[in-house]
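Enquirer: Below is the structure I would like to discuss, written out as structure tokens.
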Amino acid sequence: MKALISAYARSPFHFARKGALAATRPDTLAAQVVQGLIARAGIDPALLDDVILGCAYPEAAQGNNLARIVSLLAGLPQELGGMTVNRFCGSSMSAIHIAAAQIEAGLGEAYLCVGVESMTMVP
């Protein structure tokens, strides 16, 4: 099966430490983008195989398994898993590559790939 990107969304961005989003947690921001994408694209969350999230510095407010946290904050099914990928600047692209490889290997059909970074929240 050939993998393809069927929808995408992006959050606004601003200056680190002093911008309009400085006090917004990365998990909250990512969950809002996911909710907007799901609603706009008409995606049935029950059809998703996994959430794969890339984060260059998964520590502090953007630590732990951020993919799982964002999935739950966005209201996706509790049964849906989550994988956080750290490849520094290539984290989000690696998330897409992993999902595409899973699809092309026949290991799933629909993945939600997310990328998030808040340099304000990194110590």
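Scheme for the structure tokens: letters A, B, ... for chains in order shown; per-chain residue numbers from 1; ligand numbers from 1 in order shown.
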Per residue of range 22-93 of chain A within 8 Å of range 114-119 of chain A, record the nearest atom pair and its distance in Å to one decimal, counting only C-alpha atoms, with rows in chain order and ascending residue number, as CSV.

Expert:
residue,atom,partner,partner_atom,distance
A:Arg25,CA,A:Ser118,CA,7.7
A:Pro26,CA,A:Ser118,CA,5.8
A:Asp27,CA,A:Val116,CA,7.9
A:Ala30,CA,A:Val116,CA,6.3
A:Val34,CA,A:Val114,CA,7.9
A:Val51,CA,A:Val114,CA,7.5
A:Ile52,CA,A:Val114,CA,6.2
A:Leu53,CA,A:Val114,CA,4.4
A:Gly54,CA,A:Gly115,CA,4.6
A:Cys55,CA,A:Val116,CA,5.5
A:Ala56,CA,A:Glu117,CA,6.8
A:Tyr57,CA,A:Glu117,CA,7.3
A:Gln62,CA,A:Glu117,CA,7.6
A:Ala67,CA,A:Val114,CA,7.8
A:Ser91,CA,A:Gly115,CA,7.3
A:Ser92,CA,A:Gly115,CA,4.8

Enquirer: Next, the residues of the selection above should be written as a PDB file, in the first residue's frame with N, CA and C atoms.

Expert:
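Saved the output as result.pdb:
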ATOM      1  N   ARG A  25       1.303  25.825  27.130  1.00  0.00           N
ATOM      2  CA  ARG A  25       2.022  24.557  27.212  1.00  0.00           C
ATOM      3  C   ARG A  25       2.039  23.873  25.844  1.00  0.00           C
ATOM      4  N   PRO A  26       3.127  23.194  25.501  1.00  0.00           N
ATOM      5  CA  PRO A  26       3.210  22.539  24.197  1.00  0.00           C
ATOM      6  C   PRO A  26       2.173  21.434  24.016  1.00  0.00           C
ATOM      7  N   ASP A  27       1.839  20.713  25.086  1.00  0.00           N
ATOM      8  CA  ASP A  27       0.827  19.662  24.959  1.00  0.00           C
ATOM      9  C   ASP A  27      -0.549  20.255  24.688  1.00  0.00           C
ATOM     10  N   ALA A  30      -0.507  21.544  20.959  1.00  0.00           N
ATOM     11  CA  ALA A  30      -0.578  20.423  20.014  1.00  0.00           C
ATOM     12  C   ALA A  30      -1.967  19.788  20.024  1.00  0.00           C
ATOM     13  N   VAL A  34      -4.515  19.290  16.878  1.00  0.00           N
ATOM     14  CA  VAL A  34      -5.063  17.967  16.549  1.00  0.00           C
ATOM     15  C   VAL A  34      -6.588  18.024  16.493  1.00  0.00           C
ATOM     16  N   VAL A  51      -0.672   7.405  17.183  1.00  0.00           N
ATOM     17  CA  VAL A  51      -0.264   8.801  17.137  1.00  0.00           C
ATOM     18  C   VAL A  51       1.257   8.800  17.287  1.00  0.00           C
ATOM     19  N   ILE A  52       1.936   9.419  16.339  1.00  0.00           N
ATOM     20  CA  ILE A  52       3.397   9.509  16.383  1.00  0.00           C
ATOM     21  C   ILE A  52       3.761  10.986  16.416  1.00  0.00           C
ATOM     22  N   LEU A  53       4.450  11.401  17.475  1.00  0.00           N
ATOM     23  CA  LEU A  53       4.744  12.814  17.680  1.00  0.00           C
ATOM     24  C   LEU A  53       6.249  13.032  17.744  1.00  0.00           C
ATOM     25  N   GLY A  54       6.733  13.999  16.983  1.00  0.00           N
ATOM     26  CA  GLY A  54       8.134  14.370  17.015  1.00  0.00           C
ATOM     27  C   GLY A  54       8.344  15.589  17.883  1.00  0.00           C
ATOM     28  N   CYS A  55       9.364  15.512  18.754  1.00  0.00           N
ATOM     29  CA  CYS A  55       9.695  16.625  19.643  1.00  0.00           C
ATOM     30  C   CYS A  55      11.211  16.643  19.827  1.00  0.00           C
ATOM     31  N   ALA A  56      11.851  17.758  19.481  1.00  0.00           N
ATOM     32  CA  ALA A  56      13.306  17.840  19.526  1.00  0.00           C
ATOM     33  C   ALA A  56      13.872  17.782  20.943  1.00  0.00           C
ATOM     34  N   TYR A  57      13.180  18.350  21.895  1.00  0.00           N
ATOM     35  CA  TYR A  57      13.636  18.335  23.279  1.00  0.00           C
ATOM     36  C   TYR A  57      12.518  17.856  24.189  1.00  0.00           C
ATOM     37  N   GLN A  62       7.333  19.417  27.960  1.00  0.00           N
ATOM     38  CA  GLN A  62       7.100  18.624  26.748  1.00  0.00           C
ATOM     39  C   GLN A  62       7.796  17.271  26.860  1.00  0.00           C
ATOM     40  N   ALA A  67       3.177  12.163  22.932  1.00  0.00           N
ATOM     41  CA  ALA A  67       2.191  11.698  21.946  1.00  0.00           C
ATOM     42  C   ALA A  67       0.933  11.197  22.653  1.00  0.00           C
ATOM     43  N   SER A  91      12.783  15.495  14.158  1.00  0.00           N
ATOM     44  CA  SER A  91      11.806  14.692  14.899  1.00  0.00           C
ATOM     45  C   SER A  91      10.462  14.559  14.198  1.00  0.00           C
ATOM     46  N   SER A  92       9.905  15.654  13.749  1.00  0.00           N
ATOM     47  CA  SER A  92       8.589  15.600  13.102  1.00  0.00           C
ATOM     48  C   SER A  92       8.653  14.860  11.774  1.00  0.00           C
TER      49      SER A  92
END

Enquirer: So that I can check the surroundings of range 81-83 of chain A, please list as number ranges by chain every protein, DNA and RNA residue that reaches within 9 Å of it, counting only C-alpha atoms and ignoring chain neighbours fewer than 2 positions away.

Expert: A: 49-54, 65-71, 77-79, 85, 95

Enquirer: Could you go through chain A and tell me which residues DSSP, when run on the backbone, assigns to alpha helix (DSSP H), listing them as a VMD selection string?

Expert: chain A and resid 26 to 41 66 to 73 91 to 104

Enquirer: Could the residues in this selection be written to a file with C-alpha atoms, as a PDB file, in the first residue's frame?

Expert:
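Everything below was put into result-v4.pdb:
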ATOM      1  CA  PRO A  26       3.210  22.539  24.197  1.00  0.00           C
ATOM      2  CA  ASP A  27       0.827  19.662  24.959  1.00  0.00           C
ATOM      3  CA  THR A  28      -2.124  22.057  25.075  1.00  0.00           C
ATOM      4  CA  LEU A  29      -1.114  23.740  21.812  1.00  0.00           C
ATOM      5  CA  ALA A  30      -0.578  20.423  20.014  1.00  0.00           C
ATOM      6  CA  ALA A  31      -3.911  19.051  21.293  1.00  0.00           C
ATOM      7  CA  GLN A  32      -5.733  22.129  19.963  1.00  0.00           C
ATOM      8  CA  VAL A  33      -4.137  21.671  16.539  1.00  0.00           C
ATOM      9  CA  VAL A  34      -5.063  17.967  16.549  1.00  0.00           C
ATOM     10  CA  GLN A  35      -8.673  18.776  17.473  1.00  0.00           C
ATOM     11  CA  GLY A  36      -8.866  21.345  14.677  1.00  0.00           C
ATOM     12  CA  LEU A  37      -7.370  18.955  12.140  1.00  0.00           C
ATOM     13  CA  ILE A  38      -9.702  16.102  13.100  1.00  0.00           C
ATOM     14  CA  ALA A  39     -12.745  18.390  12.860  1.00  0.00           C
ATOM     15  CA  ARG A  40     -11.724  20.119   9.611  1.00  0.00           C
ATOM     16  CA  ALA A  41     -10.701  16.942   7.793  1.00  0.00           C
ATOM     17  CA  LEU A  66       3.948  13.575  24.785  1.00  0.00           C
ATOM     18  CA  ALA A  67       2.191  11.698  21.946  1.00  0.00           C
ATOM     19  CA  ARG A  68      -0.026   9.896  24.441  1.00  0.00           C
ATOM     20  CA  ILE A  69      -0.667  13.053  26.455  1.00  0.00           C
ATOM     21  CA  VAL A  70      -1.630  15.060  23.353  1.00  0.00           C
ATOM     22  CA  SER A  71      -3.861  12.219  22.167  1.00  0.00           C
ATOM     23  CA  LEU A  72      -5.775  12.178  25.454  1.00  0.00           C
ATOM     24  CA  LEU A  73      -5.973  15.989  25.707  1.00  0.00           C
ATOM     25  CA  SER A  91      11.806  14.692  14.899  1.00  0.00           C
ATOM     26  CA  SER A  92       8.589  15.600  13.102  1.00  0.00           C
ATOM     27  CA  MET A  93       9.869  14.358   9.752  1.00  0.00           C
ATOM     28  CA  SER A  94      10.926  11.097  11.411  1.00  0.00           C
ATOM     29  CA  ALA A  95       7.378  10.723  12.767  1.00  0.00           C
ATOM     30  CA  ILE A  96       6.061  10.949   9.204  1.00  0.00           C
ATOM     31  CA  HIS A  97       8.694   8.506   7.935  1.00  0.00           C
ATOM     32  CA  ILE A  98       7.783   5.966  10.638  1.00  0.00           C
ATOM     33  CA  ALA A  99       4.071   6.217   9.803  1.00  0.00           C
ATOM     34  CA  ALA A 100       4.724   5.889   6.057  1.00  0.00           C
ATOM     35  CA  ALA A 101       6.934   2.842   6.619  1.00  0.00           C
ATOM     36  CA  GLN A 102       4.271   1.217   8.812  1.00  0.00           C
ATOM     37  CA  ILE A 103       1.624   1.783   6.136  1.00  0.00           C
ATOM     38  CA  GLU A 104       3.808   0.533   3.294  1.00  0.00           C
TER      39      GLU A 104
END

Enquirer: Name the closest residue to Asn86 in chain A among the candidates A:Thr24, A:Glu59, A:Ala74, A:Gly108; distances are taken between atoms, counting only C-alpha atoms.

Expert: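 Among the listed residues, A:Glu59 lies closest to Asn86 in chain A.
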
Enquirer: Residues of chain A classed as strand (DSSP E) by DSSP on the backbone are to be reported as a VMD selection string.

Expert: chain A and resid 50 to 54 82 to 85 111 to 115
